[in-house]
Amino acid sequence: MIPMSFSAILVCFVSVPLVLIAALAFFYNFRSMHRPIREKENIYECTECGHVYAFARSRPMDRCPKCGHLNEAVRT
Ligand SMILES: [Zn+2]
């Protein structure tokens, strides 16, 4: 068995999961950067005037640009 001090074992138990999580974060961040913007858009249909519009923000509700009525996202 390889002799290891307590502090070396502690460093391994902290740094190995940290490096794995950082690698996963970089991977998912890099992947989401190359996703087309259309996929991130929410589509809304106004219940007041029937206007269909899309925003690239992830909000459950957004205002209609024509009449200002709050509408829920039809597709997220
Ligand atoms: Zn409207």
# chains A, B, ... in the order shown; residues from 1 in each chain; ligands from 1
call {"tool": "select_by_dssp", "arguments": {"residues": "chain A", "states": "alpha helix (DSSP H)", "output": "ChimeraX atom specification"}}
result
/A:6-33,37-40
call {"tool": "write_last_selection", "arguments": {"atoms": "C-alpha atoms", "output": "PDB file, in the first residue's frame"}}
result
ATOM      1  CA  PHE A   6      -3.900  12.412   6.331  1.00  0.00           C
ATOM      2  CA  SER A   7      -3.665  15.801   4.605  1.00  0.00           C
ATOM      3  CA  ALA A   8      -2.818  14.178   1.246  1.00  0.00           C
ATOM      4  CA  ILE A   9      -5.895  11.924   1.535  1.00  0.00           C
ATOM      5  CA  LEU A  10      -8.022  14.947   2.450  1.00  0.00           C
ATOM      6  CA  VAL A  11      -6.712  16.909  -0.553  1.00  0.00           C
ATOM      7  CA  CYS A  12      -7.554  13.957  -2.846  1.00  0.00           C
ATOM      8  CA  PHE A  13     -11.090  13.630  -1.439  1.00  0.00           C
ATOM      9  CA  VAL A  14     -11.740  17.352  -2.027  1.00  0.00           C
ATOM     10  CA  SER A  15      -9.884  18.025  -5.276  1.00  0.00           C
ATOM     11  CA  VAL A  16     -10.899  14.963  -7.342  1.00  0.00           C
ATOM     12  CA  PRO A  17     -14.696  15.636  -7.166  1.00  0.00           C
ATOM     13  CA  LEU A  18     -14.024  19.366  -7.613  1.00  0.00           C
ATOM     14  CA  VAL A  19     -12.058  18.740 -10.823  1.00  0.00           C
ATOM     15  CA  LEU A  20     -14.771  16.363 -12.091  1.00  0.00           C
ATOM     16  CA  ILE A  21     -17.538  18.909 -11.417  1.00  0.00           C
ATOM     17  CA  ALA A  22     -15.500  21.687 -13.054  1.00  0.00           C
ATOM     18  CA  ALA A  23     -14.937  19.520 -16.139  1.00  0.00           C
ATOM     19  CA  LEU A  24     -18.691  18.770 -16.358  1.00  0.00           C
ATOM     20  CA  ALA A  25     -19.527  22.477 -15.937  1.00  0.00           C
ATOM     21  CA  PHE A  26     -17.136  23.411 -18.751  1.00  0.00           C
ATOM     22  CA  PHE A  27     -18.589  20.665 -20.956  1.00  0.00           C
ATOM     23  CA  TYR A  28     -22.235  21.732 -20.475  1.00  0.00           C
ATOM     24  CA  ASN A  29     -21.353  25.432 -20.763  1.00  0.00           C
ATOM     25  CA  PHE A  30     -19.462  24.788 -24.011  1.00  0.00           C
ATOM     26  CA  ARG A  31     -22.335  22.665 -25.349  1.00  0.00           C
ATOM     27  CA  SER A  32     -24.984  25.294 -24.563  1.00  0.00           C
ATOM     28  CA  MET A  33     -22.885  27.999 -26.271  1.00  0.00           C
ATOM     29  CA  ILE A  37     -30.715  30.705 -30.323  1.00  0.00           C
ATOM     30  CA  ARG A  38     -34.050  29.472 -31.719  1.00  0.00           C
ATOM     31  CA  GLU A  39     -33.927  26.507 -29.315  1.00  0.00           C
ATOM     32  CA  LYS A  40     -33.656  28.838 -26.331  1.00  0.00           C
TER      33      LYS A  40
END
call {"tool": "residues_near_ligand", "arguments": {"ligand": "ligand 1", "cutoff": "8 Å", "atoms": "only C-alpha atoms and all ligand atoms", "output": "list in words"}}
result
Glu45, Cys46, Thr47, Glu48, Cys49, Gly50, His51, Arg63, Cys64, Pro65, Lys66, Cys67, Gly68 and His69 of chain A
call {"tool": "write_last_selection", "arguments": {"atoms": "N, CA and C atoms", "output": "mmCIF file, in the first residue's frame"}}
result
data_model
loop_
_atom_site.group_PDB
_atom_site.id
_atom_site.type_symbol
_atom_site.label_atom_id
_atom_site.label_comp_id
_atom_site.auth_asym_id
_atom_site.auth_seq_id
_atom_site.Cartn_x
_atom_site.Cartn_y
_atom_site.Cartn_z
ATOM 1 N N GLU A 45 -48.352 33.281 -27.293
ATOM 2 C CA GLU A 45 -49.475 33.728 -28.107
ATOM 3 C C GLU A 45 -50.349 34.584 -27.216
ATOM 4 N N CYS A 46 -50.565 35.816 -27.641
ATOM 5 C CA CYS A 46 -51.333 36.760 -26.835
ATOM 6 C C CYS A 46 -52.797 36.345 -26.807
ATOM 7 N N THR A 47 -53.382 36.287 -25.602
ATOM 8 C CA THR A 47 -54.794 35.927 -25.482
ATOM 9 C C THR A 47 -55.698 37.130 -25.743
ATOM 10 N N GLU A 48 -55.133 38.337 -25.746
ATOM 11 C CA GLU A 48 -55.925 39.545 -26.010
ATOM 12 C C GLU A 48 -56.044 39.811 -27.505
ATOM 13 N N CYS A 49 -54.879 39.905 -28.205
ATOM 14 C CA CYS A 49 -54.909 40.317 -29.614
ATOM 15 C C CYS A 49 -54.494 39.199 -30.574
ATOM 16 N N GLY A 50 -54.059 38.040 -30.061
ATOM 17 C CA GLY A 50 -53.705 36.922 -30.922
ATOM 18 C C GLY A 50 -52.328 37.010 -31.541
ATOM 19 N N HIS A 51 -51.554 38.012 -31.164
ATOM 20 C CA HIS A 51 -50.209 38.200 -31.702
ATOM 21 C C HIS A 51 -49.290 37.075 -31.208
ATOM 22 N N ARG A 63 -44.739 40.006 -21.543
ATOM 23 C CA ARG A 63 -45.714 40.957 -22.064
ATOM 24 C C ARG A 63 -45.750 40.935 -23.596
ATOM 25 N N CYS A 64 -46.941 41.099 -24.136
ATOM 26 C CA CYS A 64 -47.126 41.200 -25.580
ATOM 27 C C CYS A 64 -46.537 42.529 -26.048
ATOM 28 N N PRO A 65 -45.712 42.535 -27.086
ATOM 29 C CA PRO A 65 -45.131 43.800 -27.567
ATOM 30 C C PRO A 65 -46.167 44.723 -28.205
ATOM 31 N N LYS A 66 -47.348 44.179 -28.617
ATOM 32 C CA LYS A 66 -48.365 45.018 -29.259
ATOM 33 C C LYS A 66 -49.298 45.673 -28.247
ATOM 34 N N CYS A 67 -49.839 44.857 -27.310
ATOM 35 C CA CYS A 67 -50.857 45.412 -26.402
ATOM 36 C C CYS A 67 -50.417 45.415 -24.938
ATOM 37 N N GLY A 68 -49.307 44.755 -24.579
ATOM 38 C CA GLY A 68 -48.813 44.777 -23.213
ATOM 39 C C GLY A 68 -49.480 43.789 -22.279
ATOM 40 N N HIS A 69 -50.329 42.889 -22.809
ATOM 41 C CA HIS A 69 -50.999 41.882 -21.980
ATOM 42 C C HIS A 69 -50.005 40.781 -21.600
#
call {"tool": "closest_residue", "arguments": {"among": "A:His34, A:Ile2, A:Tyr44, A:Ser58", "to": "Ala73 in chain A", "atoms": "only C-alpha atoms"}}
result
A:Tyr44
call {"tool": "closest_residue", "arguments": {"among": "A:Val52, A:Arg57, A:Met4, A:Arg35", "to": "Val74 in chain A", "atoms": "only C-alpha atoms"}}
result
A:Val52
call {"tool": "select_by_dssp", "arguments": {"residues": "range 2-74 of chain A", "states": "strand (DSSP E or B)", "output": "MDAnalysis selection string"}}
result
chainID A and resid 42:45 52:55 61:63 70:74
call {"tool": "write_last_selection", "arguments": {"atoms": "C-alpha atoms", "output": "CSV table (one decimal), in the first residue's frame"}}
result
chain,number,residue,atom,x,y,z
A,42,ASN,CA,-40.0,30.8,-25.7
A,43,ILE,CA,-43.0,31.2,-27.9
A,44,TYR,CA,-46.0,33.2,-26.6
A,45,GLU,CA,-49.5,33.7,-28.1
A,52,VAL,CA,-47.6,35.4,-31.7
A,53,TYR,CA,-44.1,36.4,-30.5
A,54,ALA,CA,-40.9,34.8,-29.2
A,55,PHE,CA,-38.3,35.9,-26.6
A,61,MET,CA,-44.8,34.8,-18.6
A,62,ASP,CA,-44.0,37.8,-20.8
A,63,ARG,CA,-45.7,41.0,-22.1
A,70,LEU,CA,-49.2,39.2,-19.9
A,71,ASN,CA,-49.2,35.8,-21.6
A,72,GLU,CA,-47.9,32.4,-20.6
A,73,ALA,CA,-45.3,30.6,-22.9
A,74,VAL,CA,-46.9,28.3,-25.4
call {"tool": "decode", "arguments": {"residues": "range 8-23 of chain A", "atoms": "N, CA and C atoms", "output": "PDB file, in the first residue's frame"}}
result
ATOM      1  N   ALA A   8      -2.821  14.565   2.663  1.00  0.00           N
ATOM      2  CA  ALA A   8      -2.818  14.178   1.246  1.00  0.00           C
ATOM      3  C   ALA A   8      -4.122  13.477   0.882  1.00  0.00           C
ATOM      4  N   ILE A   9      -4.615  12.605   1.772  1.00  0.00           N
ATOM      5  CA  ILE A   9      -5.895  11.924   1.535  1.00  0.00           C
ATOM      6  C   ILE A   9      -7.027  12.947   1.489  1.00  0.00           C
ATOM      7  N   LEU A  10      -6.992  13.904   2.404  1.00  0.00           N
ATOM      8  CA  LEU A  10      -8.022  14.947   2.450  1.00  0.00           C
ATOM      9  C   LEU A  10      -8.016  15.777   1.165  1.00  0.00           C
ATOM     10  N   VAL A  11      -6.830  16.130   0.680  1.00  0.00           N
ATOM     11  CA  VAL A  11      -6.712  16.909  -0.553  1.00  0.00           C
ATOM     12  C   VAL A  11      -7.290  16.116  -1.726  1.00  0.00           C
ATOM     13  N   CYS A  12      -7.018  14.805  -1.775  1.00  0.00           N
ATOM     14  CA  CYS A  12      -7.554  13.957  -2.846  1.00  0.00           C
ATOM     15  C   CYS A  12      -9.077  13.898  -2.787  1.00  0.00           C
ATOM     16  N   PHE A  13      -9.639  13.739  -1.581  1.00  0.00           N
ATOM     17  CA  PHE A  13     -11.090  13.630  -1.439  1.00  0.00           C
ATOM     18  C   PHE A  13     -11.789  14.936  -1.799  1.00  0.00           C
ATOM     19  N   VAL A  14     -11.126  16.064  -1.688  1.00  0.00           N
ATOM     20  CA  VAL A  14     -11.740  17.352  -2.027  1.00  0.00           C
ATOM     21  C   VAL A  14     -11.482  17.706  -3.484  1.00  0.00           C
ATOM     22  N   SER A  15     -10.245  17.515  -3.954  1.00  0.00           N
ATOM     23  CA  SER A  15      -9.884  18.025  -5.276  1.00  0.00           C
ATOM     24  C   SER A  15     -10.397  17.154  -6.418  1.00  0.00           C
ATOM     25  N   VAL A  16     -10.455  15.837  -6.242  1.00  0.00           N
ATOM     26  CA  VAL A  16     -10.899  14.963  -7.342  1.00  0.00           C
ATOM     27  C   VAL A  16     -12.358  15.247  -7.718  1.00  0.00           C
ATOM     28  N   PRO A  17     -13.322  15.277  -6.772  1.00  0.00           N
ATOM     29  CA  PRO A  17     -14.696  15.636  -7.166  1.00  0.00           C
ATOM     30  C   PRO A  17     -14.807  17.058  -7.698  1.00  0.00           C
ATOM     31  N   LEU A  18     -13.996  17.978  -7.148  1.00  0.00           N
ATOM     32  CA  LEU A  18     -14.024  19.366  -7.613  1.00  0.00           C
ATOM     33  C   LEU A  18     -13.596  19.453  -9.073  1.00  0.00           C
ATOM     34  N   VAL A  19     -12.543  18.733  -9.438  1.00  0.00           N
ATOM     35  CA  VAL A  19     -12.058  18.740 -10.823  1.00  0.00           C
ATOM     36  C   VAL A  19     -13.097  18.099 -11.737  1.00  0.00           C
ATOM     37  N   LEU A  20     -13.741  17.017 -11.277  1.00  0.00           N
ATOM     38  CA  LEU A  20     -14.771  16.363 -12.091  1.00  0.00           C
ATOM     39  C   LEU A  20     -15.960  17.303 -12.327  1.00  0.00           C
ATOM     40  N   ILE A  21     -16.409  17.987 -11.288  1.00  0.00           N
ATOM     41  CA  ILE A  21     -17.538  18.909 -11.417  1.00  0.00           C
ATOM     42  C   ILE A  21     -17.173  20.076 -12.317  1.00  0.00           C
ATOM     43  N   ALA A  22     -15.943  20.586 -12.196  1.00  0.00           N
ATOM     44  CA  ALA A  22     -15.500  21.687 -13.054  1.00  0.00           C
ATOM     45  C   ALA A  22     -15.461  21.253 -14.518  1.00  0.00           C
ATOM     46  N   ALA A  23     -14.985  20.029 -14.766  1.00  0.00           N
ATOM     47  CA  ALA A  23     -14.937  19.520 -16.139  1.00  0.00           C
ATOM     48  C   ALA A  23     -16.346  19.387 -16.708  1.00  0.00           C
TER      49      ALA A  23
END
